[in-house]
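Step one of this worksheet: look at the structure below.
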Amino acid sequence: MEKEKILLIIYSLYLLISSLITLILYKHDKKIAVTNNGMRIKEKTLLEMVVFGGAIGGLIGTYAFHHKSDKIYFTITTFLSLFLQLIILCFMIFLCVRGEIL
């Protein structure tokens, strides 16, 4: 398998796993917020997960669980991170199609 395809698969899996973890964290934090039962997940942790690969999971978690949807900085950070992650993914797909890698 070519290097480009391997890197694309690794990056895609990274985004998928990060997004799943982020979605689980959003759900868990929302459950704790509703029941007032236990320690909440820090906002910093949720934002870090969004920025470092979990933007899709953060976006789904925001709308599916109505979690952090009133915080404008969460919305802006999520959409900017999603945009950057998709740009990188599209660029990697482009390189795979062309058969080049940096």
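Residues in the structure tokens are named by chain (A, B, ... in the order shown) and by number from 1 within that chain; ligands are numbered from 1 in the order shown.
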List as a PyMOL selection string the protein and nucleic acid residues near Phe65 (chain A), meaning an atom at most 12 Å away when only C-alpha atoms are counted, but skip any in the same chain fewer than 6 places from it.
chain A and resi 23-31+33-34+57-59
Would you kindly return, as number ranges by chain, each protein, DNA or RNA residue with an atom no farther than 8 Å from any atom of Gly54 (chain A), considering only C-alpha atoms and excluding same-chain residues fewer than 3 positions away?
A: 15-23, 49-51, 57-58
Filtering to N, CA, C and O atoms, could you give me those residues as an mmCIF file, in the first residue's frame?
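Wrote it out as result.cif, contents follow:
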data_model
loop_
_atom_site.group_PDB
_atom_site.id
_atom_site.type_symbol
_atom_site.label_atom_id
_atom_site.label_comp_id
_atom_site.auth_asym_id
_atom_site.auth_seq_id
_atom_site.Cartn_x
_atom_site.Cartn_y
_atom_site.Cartn_z
ATOM 1 N N LEU A 15 -9.294 10.721 13.409
ATOM 2 C CA LEU A 15 -10.461 11.593 13.503
ATOM 3 C C LEU A 15 -11.682 10.834 14.022
ATOM 4 O O LEU A 15 -12.438 11.350 14.856
ATOM 5 N N LEU A 16 -11.878 9.629 13.538
ATOM 6 C CA LEU A 16 -13.014 8.814 13.964
ATOM 7 C C LEU A 16 -12.944 8.493 15.451
ATOM 8 O O LEU A 16 -13.910 8.691 16.199
ATOM 9 N N ILE A 17 -11.799 8.016 15.904
ATOM 10 C CA ILE A 17 -11.642 7.643 17.318
ATOM 11 C C ILE A 17 -11.745 8.875 18.215
ATOM 12 O O ILE A 17 -12.420 8.854 19.251
ATOM 13 N N SER A 18 -11.098 9.974 17.815
ATOM 14 C CA SER A 18 -11.179 11.216 18.597
ATOM 15 C C SER A 18 -12.615 11.714 18.692
ATOM 16 O O SER A 18 -13.056 12.169 19.745
ATOM 17 N N SER A 19 -13.339 11.623 17.589
ATOM 18 C CA SER A 19 -14.726 12.076 17.586
ATOM 19 C C SER A 19 -15.611 11.194 18.459
ATOM 20 O O SER A 19 -16.501 11.701 19.156
ATOM 21 N N LEU A 20 -15.391 9.894 18.421
ATOM 22 C CA LEU A 20 -16.164 8.995 19.286
ATOM 23 C C LEU A 20 -15.902 9.277 20.760
ATOM 24 O O LEU A 20 -16.836 9.320 21.569
ATOM 25 N N ILE A 21 -14.646 9.475 21.107
ATOM 26 C CA ILE A 21 -14.295 9.783 22.501
ATOM 27 C C ILE A 21 -14.921 11.108 22.918
ATOM 28 O O ILE A 21 -15.489 11.230 24.010
ATOM 29 N N THR A 22 -14.843 12.109 22.036
ATOM 30 C CA THR A 22 -15.428 13.415 22.331
ATOM 31 C C THR A 22 -16.933 13.316 22.519
ATOM 32 O O THR A 22 -17.495 13.900 23.458
ATOM 33 N N LEU A 23 -17.590 12.562 21.657
ATOM 34 C CA LEU A 23 -19.037 12.375 21.767
ATOM 35 C C LEU A 23 -19.394 11.705 23.098
ATOM 36 O O LEU A 23 -20.340 12.120 23.780
ATOM 37 N N MET A 49 -10.370 18.254 23.266
ATOM 38 C CA MET A 49 -10.777 17.096 22.464
ATOM 39 C C MET A 49 -11.325 17.528 21.110
ATOM 40 O O MET A 49 -11.055 16.893 20.087
ATOM 41 N N VAL A 50 -12.091 18.612 21.092
ATOM 42 C CA VAL A 50 -12.638 19.135 19.840
ATOM 43 C C VAL A 50 -11.510 19.592 18.919
ATOM 44 O O VAL A 50 -11.471 19.248 17.733
ATOM 45 N N VAL A 51 -10.568 20.362 19.470
ATOM 46 C CA VAL A 51 -9.479 20.925 18.665
ATOM 47 C C VAL A 51 -8.553 19.838 18.142
ATOM 48 O O VAL A 51 -8.102 19.895 16.990
ATOM 49 N N GLY A 57 -17.397 14.776 16.552
ATOM 50 C CA GLY A 57 -18.055 14.296 17.761
ATOM 51 C C GLY A 57 -18.563 15.427 18.631
ATOM 52 O O GLY A 57 -19.641 15.337 19.218
ATOM 53 N N GLY A 58 -17.799 16.522 18.709
ATOM 54 C CA GLY A 58 -18.242 17.683 19.466
ATOM 55 C C GLY A 58 -19.471 18.326 18.861
ATOM 56 O O GLY A 58 -20.394 18.729 19.567
#
Residues near region 80-95 of chain A, anyone? I mean within 10 Å using only C-alpha atoms, not counting same-chain ones fewer than 5 positions away, as an MDAnalysis selection string.
chainID A and resid 4:5 7:9 11:12 15 47 50:59 74:75 100:102
Which residue gives the smallest distance to Ile41 (chain A) among A:Thr78, A:Lys68, A:Gly99, A:Lys3, with only C-alpha atoms counted?
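Answer, going by the shortest atom-to-atom distance: A:Lys68.
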Mind the document's chain letters and residue numbers, and return as a compact mmCIF listing (two decimals) with N, CA and C atoms, in the first residue's frame the residues of chain A that DSSP labels helix (DSSP H, G or I).
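Saved as states_33.txt:
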# COMPACT_ATOMS: atom_id res chain seq x y z
N LYS A 3 2.32 5.04 0.68
CA LYS A 3 2.44 5.87 1.88
C LYS A 3 1.26 6.82 2.04
N GLU A 4 0.83 7.39 0.92
CA GLU A 4 -0.27 8.36 0.97
C GLU A 4 -1.54 7.72 1.51
N LYS A 5 -1.83 6.53 1.04
CA LYS A 5 -3.06 5.85 1.48
C LYS A 5 -2.96 5.45 2.95
N ILE A 6 -1.80 5.01 3.37
CA ILE A 6 -1.61 4.63 4.77
C ILE A 6 -1.81 5.84 5.67
N LEU A 7 -1.20 6.98 5.30
CA LEU A 7 -1.36 8.19 6.10
C LEU A 7 -2.81 8.65 6.12
N LEU A 8 -3.49 8.54 5.01
CA LEU A 8 -4.90 8.92 4.94
C LEU A 8 -5.75 8.03 5.85
N ILE A 9 -5.49 6.74 5.83
CA ILE A 9 -6.22 5.81 6.69
C ILE A 9 -5.94 6.10 8.16
N ILE A 10 -4.69 6.35 8.50
CA ILE A 10 -4.33 6.64 9.89
C ILE A 10 -5.01 7.93 10.36
N TYR A 11 -4.97 8.97 9.53
CA TYR A 11 -5.59 10.24 9.90
C TYR A 11 -7.11 10.09 10.03
N SER A 12 -7.71 9.36 9.11
CA SER A 12 -9.16 9.13 9.17
C SER A 12 -9.55 8.37 10.44
N LEU A 13 -8.78 7.34 10.77
CA LEU A 13 -9.05 6.59 12.00
C LEU A 13 -8.85 7.46 13.24
N TYR A 14 -7.83 8.30 13.19
CA TYR A 14 -7.58 9.22 14.30
C TYR A 14 -8.78 10.15 14.50
N LEU A 15 -9.29 10.72 13.41
CA LEU A 15 -10.46 11.59 13.50
C LEU A 15 -11.68 10.83 14.02
N LEU A 16 -11.88 9.63 13.54
CA LEU A 16 -13.01 8.81 13.96
C LEU A 16 -12.94 8.49 15.45
N ILE A 17 -11.80 8.02 15.90
CA ILE A 17 -11.64 7.64 17.32
C ILE A 17 -11.75 8.88 18.22
N SER A 18 -11.10 9.97 17.81
CA SER A 18 -11.18 11.22 18.60
C SER A 18 -12.62 11.71 18.69
N SER A 19 -13.34 11.62 17.59
CA SER A 19 -14.73 12.08 17.59
C SER A 19 -15.61 11.19 18.46
N LEU A 20 -15.39 9.89 18.42
CA LEU A 20 -16.16 8.99 19.29
C LEU A 20 -15.90 9.28 20.76
N ILE A 21 -14.65 9.48 21.11
CA ILE A 21 -14.29 9.78 22.50
C ILE A 21 -14.92 11.11 22.92
N THR A 22 -14.84 12.11 22.04
CA THR A 22 -15.43 13.42 22.33
C THR A 22 -16.93 13.32 22.52
N LEU A 23 -17.59 12.56 21.66
CA LEU A 23 -19.04 12.37 21.77
C LEU A 23 -19.39 11.71 23.10
N ILE A 24 -18.64 10.71 23.49
CA ILE A 24 -18.88 10.02 24.77
C ILE A 24 -18.68 10.99 25.94
N LEU A 25 -17.64 11.82 25.86
CA LEU A 25 -17.39 12.80 26.93
C LEU A 25 -18.52 13.82 27.01
N TYR A 26 -19.02 14.28 25.87
CA TYR A 26 -20.14 15.22 25.86
C TYR A 26 -21.37 14.59 26.50
N LYS A 27 -21.66 13.35 26.12
CA LYS A 27 -22.83 12.66 26.68
C LYS A 27 -22.69 12.47 28.18
N HIS A 28 -21.51 12.05 28.61
CA HIS A 28 -21.25 11.82 30.03
C HIS A 28 -21.38 13.13 30.82
N ASP A 29 -20.80 14.20 30.29
CA ASP A 29 -20.86 15.49 30.99
C ASP A 29 -22.29 16.02 31.04
N LYS A 30 -23.04 15.82 29.99
CA LYS A 30 -24.44 16.27 29.99
C LYS A 30 -25.25 15.49 31.02
N LYS A 31 -25.00 14.19 31.10
CA LYS A 31 -25.71 13.36 32.09
C LYS A 31 -25.41 13.84 33.51
N ILE A 32 -24.14 14.14 33.77
CA ILE A 32 -23.76 14.63 35.09
C ILE A 32 -24.38 16.00 35.35
N ALA A 33 -24.41 16.86 34.32
CA ALA A 33 -24.98 18.21 34.48
C ALA A 33 -26.47 18.15 34.81
N VAL A 34 -27.18 17.23 34.19
CA VAL A 34 -28.62 17.12 34.41
C VAL A 34 -28.92 16.57 35.80
N THR A 35 -28.17 15.57 36.22
CA THR A 35 -28.45 14.92 37.51
C THR A 35 -27.77 15.57 38.69
N GLU A 43 -14.38 22.20 30.98
CA GLU A 43 -14.61 22.77 29.65
C GLU A 43 -13.33 22.74 28.82
N LYS A 44 -12.22 22.97 29.48
CA LYS A 44 -10.93 22.95 28.79
C LYS A 44 -10.68 21.58 28.15
N THR A 45 -11.03 20.52 28.86
CA THR A 45 -10.85 19.16 28.33
C THR A 45 -11.74 18.93 27.12
N LEU A 46 -12.99 19.37 27.20
CA LEU A 46 -13.90 19.20 26.07
C LEU A 46 -13.40 19.97 24.85
N LEU A 47 -12.94 21.20 25.07
CA LEU A 47 -12.42 22.00 23.95
C LEU A 47 -11.15 21.40 23.37
N GLU A 48 -10.29 20.88 24.22
CA GLU A 48 -9.06 20.23 23.71
C GLU A 48 -9.40 19.03 22.85
N MET A 49 -10.37 18.25 23.27
CA MET A 49 -10.78 17.10 22.46
C MET A 49 -11.33 17.53 21.11
N VAL A 50 -12.09 18.61 21.09
CA VAL A 50 -12.64 19.14 19.84
C VAL A 50 -11.51 19.59 18.92
N VAL A 51 -10.57 20.36 19.47
CA VAL A 51 -9.48 20.92 18.66
C VAL A 51 -8.55 19.84 18.14
N PHE A 52 -8.28 18.84 18.94
CA PHE A 52 -7.31 17.81 18.56
C PHE A 52 -7.96 16.59 17.92
N GLY A 53 -8.93 16.81 17.05
CA GLY A 53 -9.45 15.73 16.23
C GLY A 53 -10.89 15.35 16.46
N GLY A 54 -11.53 15.85 17.49
CA GLY A 54 -12.88 15.40 17.81
C GLY A 54 -13.97 16.39 17.45
N ALA A 55 -13.74 17.21 16.44
CA ALA A 55 -14.72 18.25 16.09
C ALA A 55 -16.05 17.66 15.64
N ILE A 56 -16.02 16.58 14.89
CA ILE A 56 -17.27 15.97 14.44
C ILE A 56 -18.06 15.45 15.64
N GLY A 57 -17.40 14.78 16.55
CA GLY A 57 -18.05 14.30 17.76
C GLY A 57 -18.56 15.43 18.63
N GLY A 58 -17.80 16.52 18.71
CA GLY A 58 -18.24 17.68 19.47
C GLY A 58 -19.47 18.33 18.86
N LEU A 59 -19.50 18.41 17.55
CA LEU A 59 -20.65 18.99 16.86
C LEU A 59 -21.89 18.13 17.06
N ILE A 60 -21.72 16.82 16.90
CA ILE A 60 -22.85 15.91 17.12
C ILE A 60 -23.32 15.99 18.58
N GLY A 61 -22.36 16.00 19.52
CA GLY A 61 -22.70 16.07 20.94
C GLY A 61 -23.42 17.35 21.30
N THR A 62 -23.02 18.46 20.67
CA THR A 62 -23.66 19.74 20.94
C THR A 62 -25.13 19.71 20.54
N TYR A 63 -25.41 19.17 19.36
CA TYR A 63 -26.78 19.18 18.86
C TYR A 63 -27.61 18.00 19.35
N ALA A 64 -27.01 16.84 19.50
CA ALA A 64 -27.77 15.66 19.94
C ALA A 64 -28.16 15.76 21.42
N ILE A 72 -21.01 30.45 23.10
CA ILE A 72 -20.61 30.84 21.76
C ILE A 72 -19.18 30.41 21.45
N TYR A 73 -18.29 30.44 22.44
CA TYR A 73 -16.91 30.04 22.17
C TYR A 73 -16.80 28.55 21.88
N PHE A 74 -17.71 27.73 22.41
CA PHE A 74 -17.73 26.32 22.06
C PHE A 74 -18.15 26.15 20.60
N THR A 75 -19.17 26.88 20.20
CA THR A 75 -19.66 26.78 18.82
C THR A 75 -18.59 27.24 17.83
N ILE A 76 -17.97 28.38 18.11
CA ILE A 76 -16.93 28.90 17.21
C ILE A 76 -15.75 27.95 17.14
N THR A 77 -15.29 27.49 18.29
CA THR A 77 -14.14 26.57 18.33
C THR A 77 -14.45 25.28 17.60
N THR A 78 -15.66 24.76 17.78
CA THR A 78 -16.04 23.50 17.12
C THR A 78 -16.06 23.66 15.61
N PHE A 79 -16.69 24.73 15.12
CA PHE A 79 -16.78 24.92 13.67
C PHE A 79 -15.41 25.22 13.04
N LEU A 80 -14.60 26.03 13.70
CA LEU A 80 -13.25 26.29 13.17
C LEU A 80 -12.41 25.02 13.15
N SER A 81 -12.49 24.22 14.20
CA SER A 81 -11.74 22.97 14.26
C SER A 81 -12.22 22.00 13.19
N LEU A 82 -13.53 21.91 13.03
CA LEU A 82 -14.09 21.04 12.00
C LEU A 82 -13.60 21.48 10.62
N PHE A 83 -13.64 22.77 10.36
CA PHE A 83 -13.17 23.29 9.08
C PHE A 83 -11.71 22.91 8.83
N LEU A 84 -10.85 23.12 9.82
CA LEU A 84 -9.42 22.80 9.66
C LEU A 84 -9.20 21.30 9.49
N GLN A 85 -9.92 20.49 10.25
CA GLN A 85 -9.75 19.04 10.14
C GLN A 85 -10.22 18.55 8.77
N LEU A 86 -11.29 19.12 8.26
CA LEU A 86 -11.77 18.72 6.93
C LEU A 86 -10.85 19.22 5.82
N ILE A 87 -10.26 20.40 5.99
CA ILE A 87 -9.28 20.90 5.01
C ILE A 87 -8.09 19.95 4.94
N ILE A 88 -7.59 19.54 6.09
CA ILE A 88 -6.46 18.60 6.11
C ILE A 88 -6.85 17.28 5.46
N LEU A 89 -8.03 16.78 5.78
CA LEU A 89 -8.49 15.53 5.19
C LEU A 89 -8.63 15.65 3.67
N CYS A 90 -9.21 16.73 3.20
CA CYS A 90 -9.36 16.93 1.75
C CYS A 90 -8.00 17.05 1.07
N PHE A 91 -7.08 17.72 1.72
CA PHE A 91 -5.73 17.85 1.17
C PHE A 91 -5.05 16.48 1.07
N MET A 92 -5.24 15.67 2.08
CA MET A 92 -4.65 14.32 2.05
C MET A 92 -5.29 13.47 0.96
N ILE A 93 -6.59 13.60 0.78
CA ILE A 93 -7.27 12.87 -0.30
C ILE A 93 -6.75 13.34 -1.64
N PHE A 94 -6.59 14.64 -1.78
CA PHE A 94 -6.04 15.21 -3.01
C PHE A 94 -4.66 14.63 -3.31
N LEU A 95 -3.81 14.55 -2.29
CA LEU A 95 -2.47 13.99 -2.49
C LEU A 95 -2.53 12.52 -2.87
N CYS A 96 -3.48 11.80 -2.29
CA CYS A 96 -3.62 10.38 -2.62
C CYS A 96 -4.03 10.22 -4.08
N VAL A 97 -4.95 11.05 -4.52
CA VAL A 97 -5.41 10.97 -5.91
C VAL A 97 -4.27 11.30 -6.87
N ARG A 98 -3.48 12.28 -6.51
CA ARG A 98 -2.35 12.68 -7.36
C ARG A 98 -1.16 11.75 -7.21
